[in-house]
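Report on the following structure.
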Amino acid sequence: MLQSLHVKNMALIQEEEVSFGEGLNILTGETGAGKSIIIGSVNVALGTGSFKDYVPEGAQYALVELSFTTENRNVLHKMEEQEIPVEDGQIIISRKYQNGRSISRVNGETVNLSFVRELAADLIDIHGQHQHQSLLYSRNHLLILDEFAREDLGQRREVCERACQEYRQICGRLQKAQEEGADRAKQIDFLNYEIEEIREAGLRIGEDEELERDYTRMSHGQKIMEALCETQRLTEGENGAGEQIDRALRSLGSVTQYDEGLEELHQELMQMEDLMNDFSRSLSGYLDDFSYDEEQFDQITKRLDLINHLKSKYGRTIEDILEYQKEKQEKLNQLTDYEAYLEALKQKKEECRKTFFAVAEEISKIRKTHARLLEKQIETSLIELNFLDVQFSIDFQRLKEPGVLGWDEVCFMISTNPGMPLRPLQEVASGGELSRIMLAIKSVMAERDAIGTLIFDEIDTGISGRTAQKVSEKMAVIARAHQVICITHLAQIAAMADQHLAIEKRAENGKTSTLVRSLDPEESIEELARILGGVEITQAVYENAREMKELAERTKKY
């Protein structure tokens with residue numbers, strides 16, 4: 001359930017805290033008072049709307065915060081997966097705009113919008129002013145049916161999608177293999193050439209790095225030798241560093257007996273002498289081992305050229321080249337034993353086809369079973385919404401071959417007049433009828449839906465009179481099992497409110513702002529009178545509003 005909405009600096013709303021209750025929450029107000037800002041703010045918080053449509057020009061800060069309570073297992077599981085703590089089922093979703101950027105948080109933890117949208121899908125269902133237009137597209141009819149059959153469908157839709165993708169992949173591989181069969185001999189020759197070229201090179205992983213080190217060392221051999229000789233002269237020659245340290249050691253040793261503090265310096269100097277002797281031995285050893293063999297250098301150069309040539313053709317590293325060789329060997333094996341490979345692909349295709357077609361068939365049977373139930377329930381709901389002579393049916397068309405959604409194409413068929421044949425919904429329903437049909441569908445789906453909150457934004461478009469009364473009764477029925485938040489212009493619907501909120505626009509100190517306040521029973525009657533009476537509210541209008549409210553209260557008791 002949506003407990004509250006906190007809005008700050010959104011369009012005409014400076015700062016408002018709107019509390020919602022259980023049952024039917026009605027929002028009414030004059031045209032232009034700011035009713036759309038409320039639904040817009042909810043959409044912004046849930047990641048389906050943008051701050052840019054609401055933040056006043058030049059403003060640097062805005063905030064929308066929604067507070068829910070829920071026992072929905074999907075929501076709690078998603079929160080657990082994200083390691084976001086939940087206390088007493090409370091979910092607080094906030095989205096803040098600051099200096100041109102927005103940030104979303106859930107229970108204080110920063111999250112991305114995709115996670116907010118995932119949560120919202122299980123927390124709230126928003127039916128906007130034009131959402132009923134989605135019924136004009138038959139592809140949405142299948143989604144509605146699948147949602148109705150969700151429990152029995154289980155994971156079959158996901159299994160079908162994966163099976164479809166696997167089947168299409170194997171079909172593509174088979175087609176490619178059959179096309180390649182035409183020039184198989186030419187491919188075999190080329191593959192043999194590439195594989196043999198790599199095999200003859202006898203590559204070893206890490207070899208190129210070793211060769212590059214040897215190449216660098218040998219190509220700079222003369223410079224290295226000159227530097228080594230100069231170093232040896234400076235450290236070992238007459239007056240070299242070694243001889244100087246030896247003299248210093250003898251000089252210092254002659255006076256250590258006179259001061260104990262000099263002994264530590266003498267020891268340090270002895271360590272320097274040891275290090276210098278070690279260095280001299282290492283330097284001599286390196287000089288003895290160092291050599292420049294022109295023939296060896298030529299071999300290293302040619303080997304590096306060969307490896308770099310192979311890299312230019314088959315991969316950036318030796319590992320890549322060897323992996324390329326492996327892939328081509330597998331391809332060669334396939335082409336060499338072409339018939340067996342082709343037969344294996346055909347067998348795999350048949351296995352995938354059976355799996356795919358079988359799960360698609362299962363889905364189709366489940367859909368058709370639930371379609372009969374859905375037809376009856378929607379038809380009953382439509383009659384309750386003042387479609388007195390309505391017929392409703394779900395038409396199935398079988399595709400030539402199943403797709404990711406299975407075998408079926410589905411179309412909602414309807415007849416709203418006696419004697420008229422059933423025709424596709426999108427061909428016969430007017431705007432007002434579409435709105436009521438969507439409400440009928442929503443009311444049927446709500447009985448199976450775990451979503452706690454439903455929002456209807458001016459679903460009363462194009463209806464009046466007795467039909468409006470029927471719509472209000474249907475709203476009240478849905479509100480028995482779900483929290484319903486409804487923006488309306490119709491008194492019949494507003495009269496059914498369990499909680500009535502008025503949205504008002506006020507001008508103070510040269511500024512216009514939108515305010516939201518909760519109405520007590522008497523104020524609710526006054527608001528109904530305003531809706532019924534327009535500019536002048538007479539006593540008769542007021543009494544009519546009171547009677548309408550009392551009638552609504554009696555209706556809700558049944």
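Chain lettering (A, B, ...) mirrors the order of the structure tokens, residue numbering begins at 1 for each chain separately, and ligand numbering begins at 1 in order of display.
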Can you pull out every residue from region 78-233 of chain A that DSSP, working from the backbone, puts in helix (DSSP H, G or I), and format the result as a VMD selection string? chain A and resid 78 to 81 113 to 123 131 to 136 138 to 148 150 to 153 156 to 201 207 to 219 221 to 233
Residues from last step as file, C-alpha atoms, as a compact mmCIF listing (two decimals), in the first residue's frame:
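Everything below was put into part-v4.txt:
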# COMPACT_ATOMS: atom_id res chain seq x y z
CA LYS A 78 14.49 -8.25 -4.60
CA MET A 79 15.41 -6.12 -1.61
CA GLU A 80 17.23 -9.07 -0.06
CA GLU A 81 19.15 -9.69 -3.28
CA LEU A 113 16.53 3.35 -12.01
CA SER A 114 16.21 -0.15 -13.46
CA PHE A 115 16.01 -1.58 -9.93
CA VAL A 116 13.38 1.02 -8.95
CA ARG A 117 11.31 0.04 -12.00
CA GLU A 118 11.59 -3.64 -11.03
CA LEU A 119 10.29 -2.88 -7.54
CA ALA A 120 7.53 -0.63 -8.91
CA ALA A 121 6.22 -3.44 -11.13
CA ASP A 122 5.30 -5.39 -7.96
CA LEU A 123 4.21 -2.44 -5.83
CA GLN A 131 -3.23 3.69 -21.34
CA HIS A 132 -6.49 2.19 -22.59
CA GLN A 133 -5.19 3.00 -26.07
CA SER A 134 -2.86 0.03 -25.65
CA LEU A 135 -5.93 -2.16 -26.27
CA LEU A 136 -5.80 -1.00 -29.89
CA SER A 138 -3.52 -6.96 -30.47
CA ARG A 139 0.01 -7.84 -29.32
CA ASN A 140 -1.01 -6.47 -25.92
CA HIS A 141 -3.98 -8.84 -25.80
CA LEU A 142 -1.62 -11.81 -25.61
CA LEU A 143 0.28 -10.16 -22.74
CA ILE A 144 -2.97 -9.65 -20.81
CA LEU A 145 -3.96 -13.28 -21.33
CA ASP A 146 -0.54 -14.52 -20.24
CA GLU A 147 -0.70 -12.35 -17.14
CA PHE A 148 -4.09 -13.87 -16.34
CA ARG A 150 0.64 -16.54 -15.10
CA GLU A 151 0.35 -19.05 -12.26
CA ASP A 152 -0.27 -22.04 -14.56
CA LEU A 153 2.20 -20.86 -17.18
CA ARG A 156 7.15 -21.98 -19.60
CA ARG A 157 7.33 -18.59 -21.34
CA GLU A 158 11.03 -18.23 -20.41
CA VAL A 159 11.70 -21.86 -21.42
CA CYS A 160 9.96 -21.25 -24.75
CA GLU A 161 12.03 -18.14 -25.43
CA ARG A 162 15.31 -19.97 -24.73
CA ALA A 163 14.21 -22.98 -26.80
CA CYS A 164 13.27 -20.67 -29.68
CA GLN A 165 16.66 -18.97 -29.63
CA GLU A 166 18.50 -22.31 -29.49
CA TYR A 167 16.38 -23.69 -32.35
CA ARG A 168 17.03 -20.65 -34.53
CA GLN A 169 20.75 -20.81 -33.82
CA ILE A 170 21.02 -24.46 -34.83
CA CYS A 171 18.96 -23.75 -37.96
CA GLY A 172 21.40 -20.98 -38.85
CA ARG A 173 24.39 -23.27 -38.29
CA LEU A 174 22.84 -25.98 -40.43
CA GLN A 175 22.06 -23.58 -43.26
CA LYS A 176 25.59 -22.20 -43.14
CA ALA A 177 27.07 -25.72 -43.18
CA GLN A 178 24.94 -26.65 -46.19
CA GLU A 179 26.04 -23.51 -48.04
CA GLU A 180 29.66 -24.24 -47.23
CA GLY A 181 29.33 -27.76 -48.61
CA ALA A 182 29.37 -26.42 -52.18
CA ASP A 183 33.02 -25.27 -52.01
CA ARG A 184 34.16 -27.73 -49.38
CA ALA A 185 37.31 -28.84 -51.24
CA LYS A 186 38.51 -25.26 -51.62
CA GLN A 187 37.94 -24.58 -47.92
CA ILE A 188 39.75 -27.77 -46.89
CA ASP A 189 42.83 -26.74 -48.93
CA PHE A 190 42.88 -23.28 -47.39
CA LEU A 191 42.40 -24.57 -43.85
CA ASN A 192 45.19 -27.13 -44.34
CA TYR A 193 47.49 -24.33 -45.50
CA GLU A 194 46.77 -22.13 -42.46
CA ILE A 195 47.01 -25.00 -39.94
CA GLU A 196 50.27 -26.27 -41.45
CA GLU A 197 51.80 -22.79 -41.49
CA ILE A 198 51.18 -22.44 -37.76
CA ARG A 199 52.20 -26.02 -36.99
CA GLU A 200 55.53 -25.69 -38.84
CA ALA A 201 56.37 -22.60 -36.80
CA GLU A 207 58.79 -17.52 -26.70
CA ASP A 208 58.23 -14.13 -28.30
CA GLU A 209 58.94 -12.30 -25.04
CA GLU A 210 62.21 -14.23 -24.53
CA LEU A 211 63.31 -13.53 -28.11
CA GLU A 212 62.53 -9.84 -27.81
CA ARG A 213 64.67 -9.62 -24.65
CA ASP A 214 67.60 -11.40 -26.39
CA TYR A 215 67.17 -9.23 -29.49
CA THR A 216 67.25 -6.04 -27.42
CA ARG A 217 70.36 -7.18 -25.54
CA MET A 218 72.30 -8.32 -28.62
CA SER A 219 71.36 -5.35 -30.79
CA GLY A 221 75.89 -5.38 -27.48
CA GLN A 222 78.66 -2.86 -28.19
CA LYS A 223 77.06 -0.20 -26.00
CA ILE A 224 76.58 -2.73 -23.16
CA MET A 225 80.25 -3.89 -23.42
CA GLU A 226 81.58 -0.33 -23.34
CA ALA A 227 79.49 0.47 -20.29
CA LEU A 228 80.62 -2.71 -18.49
CA CYS A 229 84.31 -2.02 -19.14
CA GLU A 230 84.00 1.55 -17.96
CA THR A 231 82.21 0.38 -14.82
CA GLN A 232 84.97 -2.18 -14.15
CA ARG A 233 87.66 0.50 -14.57
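Residues within 7 Å of Pro402 (chain A), counting only C-alpha atoms and excluding same-chain residues fewer than 4 positions away, are Ala360, Gly406 and Trp407 of chain A.
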Would you put the residues from that selection into a file with all heavy atoms, as an mmCIF file, in the first residue's frame?
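Ended up saving to again-v3.cif:
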data_model
loop_
_atom_site.group_PDB
_atom_site.id
_atom_site.type_symbol
_atom_site.label_atom_id
_atom_site.label_comp_id
_atom_site.auth_asym_id
_atom_site.auth_seq_id
_atom_site.Cartn_x
_atom_site.Cartn_y
_atom_site.Cartn_z
ATOM 1 N N ALA A 360 5.862 -24.858 -26.692
ATOM 2 C CA ALA A 360 4.943 -23.911 -27.332
ATOM 3 C C ALA A 360 3.523 -24.476 -27.344
ATOM 4 O O ALA A 360 2.545 -23.743 -27.152
ATOM 5 C CB ALA A 360 5.407 -23.593 -28.752
ATOM 6 N N GLY A 406 5.557 -18.445 -28.578
ATOM 7 C CA GLY A 406 4.813 -19.678 -28.840
ATOM 8 C C GLY A 406 4.069 -19.647 -30.161
ATOM 9 O O GLY A 406 4.439 -18.931 -31.098
ATOM 10 N N TRP A 407 3.004 -20.445 -30.214
ATOM 11 C CA TRP A 407 2.256 -20.624 -31.462
ATOM 12 C C TRP A 407 1.245 -19.518 -31.747
ATOM 13 O O TRP A 407 0.775 -19.377 -32.873
ATOM 14 C CB TRP A 407 1.475 -21.945 -31.398
ATOM 15 C CG TRP A 407 2.249 -23.190 -31.673
ATOM 16 C CD1 TRP A 407 2.637 -24.137 -30.770
ATOM 17 C CD2 TRP A 407 2.751 -23.633 -32.944
ATOM 18 N NE1 TRP A 407 3.335 -25.145 -31.396
ATOM 19 C CE2 TRP A 407 3.422 -24.860 -32.734
ATOM 20 C CE3 TRP A 407 2.704 -23.107 -34.241
ATOM 21 C CZ2 TRP A 407 4.027 -25.569 -33.760
ATOM 22 C CZ3 TRP A 407 3.304 -23.822 -35.264
ATOM 23 C CH2 TRP A 407 3.957 -25.030 -35.017
#
Neighbouring residues of region 516-525 of chain A were defined as those with any atom within 10 Å, considering only C-alpha atoms; residues of the same chain fewer than 2 positions away were excluded. Please report them as a ChimeraX atom specification. /A:13,15-20,26-29,33-35,38,491,494-495,497-505,514,527-531,542-550
Could you give me, as a ChimeraX atom specification, the residues within 9 Å of Asn417 (chain A), counting only C-alpha atoms and dropping anything in the same chain fewer than 4 positions from it? /A:387-391,421
Would you mind reading off the distance between CA of Ser67 (chain A) and CA of Leu2 (chain A), one decimal, in Å?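 Atom-to-atom, CA of Ser67 (chain A) to CA of Leu2 (chain A), that is 6.0 Å.
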